[in-house]
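S.K.: File start_6.cif below, mmCIF, C-alpha atoms:
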data_data
loop_
_atom_site.label_atom_id
_atom_site.label_comp_id
_atom_site.auth_asym_id
_atom_site.auth_seq_id
_atom_site.Cartn_x
_atom_site.Cartn_y
_atom_site.Cartn_z
CA MET L 1 7.47 17.37 -87.36
CA TRP L 2 10.64 15.98 -85.76
CA LYS L 3 10.10 18.04 -82.61
CA LYS L 4 6.65 16.53 -82.13
CA PHE L 5 8.01 13.04 -82.90
CA VAL L 6 10.52 13.52 -80.06
CA ILE L 7 7.85 14.90 -77.74
CA TYR L 8 5.50 11.97 -78.38
CA GLY L 9 8.39 9.52 -78.06
CA CYS L 10 9.47 10.96 -74.70
CA LEU L 11 5.92 11.17 -73.39
CA GLY L 12 5.34 7.55 -74.38
CA LEU L 13 8.47 6.42 -72.55
CA LEU L 14 7.41 8.39 -69.49
CA ALA L 15 3.90 6.94 -69.60
CA GLU L 16 5.31 3.42 -69.90
CA VAL L 17 7.66 3.89 -66.95
CA LEU L 18 4.76 5.24 -64.85
CA TRP L 19 2.49 2.38 -65.98
CA THR L 20 5.04 -0.32 -65.19
CA GLY L 21 5.92 1.43 -61.92
CA LEU L 22 2.29 1.31 -60.84
CA GLY L 23 2.20 -2.33 -61.91
CA SER L 24 5.22 -2.95 -59.66
CA MET L 25 3.35 -1.36 -56.78
CA LEU L 26 0.47 -3.76 -57.30
CA LYS L 27 2.98 -6.62 -57.10
CA GLY L 28 4.32 -5.30 -53.77
CA ASP L 29 7.38 -3.37 -54.96
CA VAL L 30 7.51 -0.36 -52.64
CA LEU L 31 10.19 1.24 -54.84
CA LEU L 32 7.71 1.36 -57.74
CA ARG L 33 10.29 0.24 -60.29
CA GLY L 34 9.21 1.26 -63.76
CA THR L 35 10.85 0.06 -66.95
CA THR L 36 10.83 0.58 -70.68
CA CYS L 37 12.96 -0.25 -73.68
CA ILE L 38 14.69 2.27 -75.92
CA TRP L 39 13.05 0.58 -78.95
CA MET L 40 9.79 2.04 -77.66
CA PHE L 41 10.89 5.63 -78.34
CA PRO L 42 10.34 5.55 -82.12
CA ILE L 43 7.18 3.49 -81.68
CA TYR L 44 5.66 6.08 -79.35
CA GLY L 45 6.96 8.82 -81.65
CA LEU L 46 4.73 7.40 -84.37
CA ALA L 47 1.85 9.10 -82.53
CA ILE L 48 2.69 12.04 -84.79
CA PHE L 49 0.69 10.22 -87.46
CA LEU L 50 -2.42 10.36 -85.28
CA GLU L 51 -2.54 14.15 -85.71
CA PRO L 52 -4.20 14.07 -89.16
CA VAL L 53 -6.65 11.52 -87.78
CA HIS L 54 -7.37 13.87 -84.86
CA TYR L 55 -8.24 16.70 -87.26
CA ARG L 56 -10.59 14.47 -89.24
CA ILE L 57 -12.48 12.94 -86.30
CA LYS L 58 -12.40 15.65 -83.63
CA HIS L 59 -16.08 16.47 -84.27
CA LEU L 60 -17.18 12.86 -83.62
CA PRO L 61 -18.37 11.50 -80.27
CA LEU L 62 -15.75 10.46 -77.71
CA ILE L 63 -16.56 6.75 -78.08
CA VAL L 64 -15.88 6.88 -81.84
CA ARG L 65 -12.66 8.87 -81.43
CA GLY L 66 -11.35 6.64 -78.66
CA GLY L 67 -12.29 3.52 -80.60
CA THR L 68 -10.51 4.81 -83.69
CA TYR L 69 -7.32 5.57 -81.75
CA MET L 70 -7.52 2.21 -79.99
CA VAL L 71 -7.67 0.30 -83.28
CA LEU L 72 -4.83 2.34 -84.78
CA ILE L 73 -2.65 1.90 -81.69
CA PHE L 74 -3.30 -1.85 -81.72
CA ALA L 75 -2.30 -1.91 -85.40
CA VAL L 76 0.96 -0.06 -84.72
CA GLU L 77 1.66 -2.28 -81.72
CA LEU L 78 1.08 -5.44 -83.78
CA VAL L 79 3.13 -4.34 -86.81
CA SER L 80 6.01 -2.91 -84.78
CA GLY L 81 6.06 -5.94 -82.48
CA LEU L 82 6.17 -8.34 -85.41
CA LEU L 83 8.92 -6.28 -87.08
CA LEU L 84 11.00 -6.21 -83.90
CA ARG L 85 10.54 -9.95 -83.50
CA LEU L 86 11.62 -10.46 -87.12
CA VAL L 87 14.65 -8.15 -86.90
CA LEU L 88 15.80 -8.72 -83.30
CA GLY L 89 14.45 -12.21 -82.72
CA GLU L 90 12.23 -10.98 -79.90
CA CYS L 91 9.76 -8.29 -79.01
CA PRO L 92 10.31 -6.02 -75.95
CA TRP L 93 6.83 -6.86 -74.67
CA ASN L 94 5.34 -10.31 -74.36
CA TYR L 95 1.64 -11.07 -73.97
CA VAL L 96 1.86 -14.81 -74.69
CA ASN L 97 0.35 -15.73 -71.31
CA ARG L 98 -2.18 -12.90 -71.24
CA THR L 99 -5.85 -13.30 -71.94
CA LEU L 100 -7.05 -12.23 -75.37
CA SER L 101 -3.51 -12.31 -76.75
CA ILE L 102 -2.89 -12.21 -80.49
CA PHE L 103 0.50 -13.70 -81.49
CA GLY L 104 1.76 -12.71 -78.03
CA ILE L 105 2.23 -9.22 -79.46
CA ILE L 106 -1.02 -7.54 -78.50
CA THR L 107 -3.63 -8.28 -75.89
CA LEU L 108 -7.16 -7.09 -76.41
CA SER L 109 -7.43 -6.69 -72.64
CA TYR L 110 -5.51 -3.43 -73.16
CA ALA L 111 -8.36 -1.97 -75.21
CA PRO L 112 -9.43 0.46 -72.44
CA VAL L 113 -5.81 1.56 -71.96
CA TRP L 114 -5.31 2.37 -75.65
CA PHE L 115 -8.74 4.02 -75.83
CA ALA L 116 -7.79 6.35 -72.95
CA TYR L 117 -4.26 6.88 -74.28
CA GLY L 118 -5.64 8.00 -77.64
CA ILE L 119 -7.97 10.51 -76.00
CA MET L 120 -5.09 11.73 -73.84
CA LEU L 121 -2.99 12.22 -76.99
CA GLU L 122 -5.72 14.53 -78.34
CA GLN L 123 -5.21 16.73 -75.29
CA VAL L 124 -1.42 16.58 -75.63
CA HIS L 125 -1.70 17.56 -79.30
CA ASP L 126 -3.93 20.52 -78.46
CA ILE L 127 -1.47 21.69 -75.77
CA ILE L 128 1.46 21.40 -78.18
CA MET L 129 -0.46 23.43 -80.77
CA ARG L 130 -1.26 26.16 -78.19
CA ILE L 131 2.41 26.34 -77.18
CA GLU L 132 3.52 26.55 -80.83
CA ARG L 133 1.01 29.34 -81.52
CA SER L 134 2.12 31.20 -78.40
CA ILE L 135 5.79 30.94 -79.36
CA SER L 136 5.16 32.09 -82.94
CA SER L 137 2.97 35.02 -81.85
CA ASN L 138 5.60 36.11 -79.30
CA ALA L 139 8.30 35.90 -81.97
CA ASN L 140 6.41 38.35 -84.18
#
As C-alpha cells, how would this structure be written, given the file I've shared?
M.R.:
Amino acid sequence: MWKKFVIYGCLGLLAEVLWTGLGSMLKGDVLLRGTTCIWMFPIYGLAIFLEPVHYRIKHLPLIVRGGTYMVLIFAVELVSGLLLRLVLGECPWNYVNRTLSIFGIITLSYAPVWFAYGIMLEQVHDIIMRIERSISSNAN
C-alpha cells in the first residue's frame, strides 16, 4: 500500500508541476515555470483510496466513473484545504478570486480537470497492477 501511496503522491506532484508550467506558458513565461508544494504529496497519495472505488465502478459508463472521481477529488481537496488552513493558517492553493469558488478552497470550474484526472488514475492503477503481476510472476 505504501508503495502505491508514494507512486500516486509523486505522480500528483509531477502532474501539478506540468499543469502550472503550462499555465505559466499561457501567461507568457517561456521558461514554463511549474510549481507545487510539498504538502501536496500526501494529498495526492490519498489517491490510493480511489482503488476500491475503481473496482466497484469499473463496469459503469465513463461519465458515471469520471463524475464519481470528480466528486471524491473535490471532497478531498475541500477537506484537506480546510485542514491545512486550520493547522498552517493558510492553504497552498487559493481560489478566492476564481469563478465558482467555494470557501476559496475549491473551484467548480476545475470539474473537467478532476473528471479527466480520475479517469487517468484508472489507467495508472491498471498499469501499476500489470507491473506488480509481472514482477510477481517473474519472481516465481
S.K.: Leaving out Gly45 in chain L and any residue of its chain fewer than 6 positions from it, which residues lie within 7 Å of it when counting only C-alpha atoms, given as a ChimeraX atom specification?
M.R.: /L:5-6,8-9
S.K.: Using only C-alpha atoms and a cutoff of 12 Å, can you tell me which residues are near (-7.7, 1.9, -85.1) in the file's coordinates, and write them out as a PyMOL selection string?
M.R.: chain L and resi 50+53-54+64-78+111+114-115+118
S.K.: So which one's closest to Thr20 in chain L, L:Trp39, L:Phe103, L:Tyr117, L:Trp93? Using only C-alpha atoms, please.
M.R.: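 With only C-alpha atoms as the atom set, the closest residue is L:Trp93.
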S.K.: Using only C-alpha atoms, which residue out of L:Ile131, L:Thr99, L:Leu18, L:Trp2 lies closest to Arg33 in chain L?
M.R.: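 When distances to Arg33 in chain L are compared using only C-alpha atoms, the smallest one comes from L:Leu18.
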S.K.: Of the candidates L:Leu26, L:Gln123, L:His59, L:Tyr95, which shows the shortest atom-to-atom distance to Tyr110 in chain L, using all atoms listed in the file?
M.R.: L:Tyr95
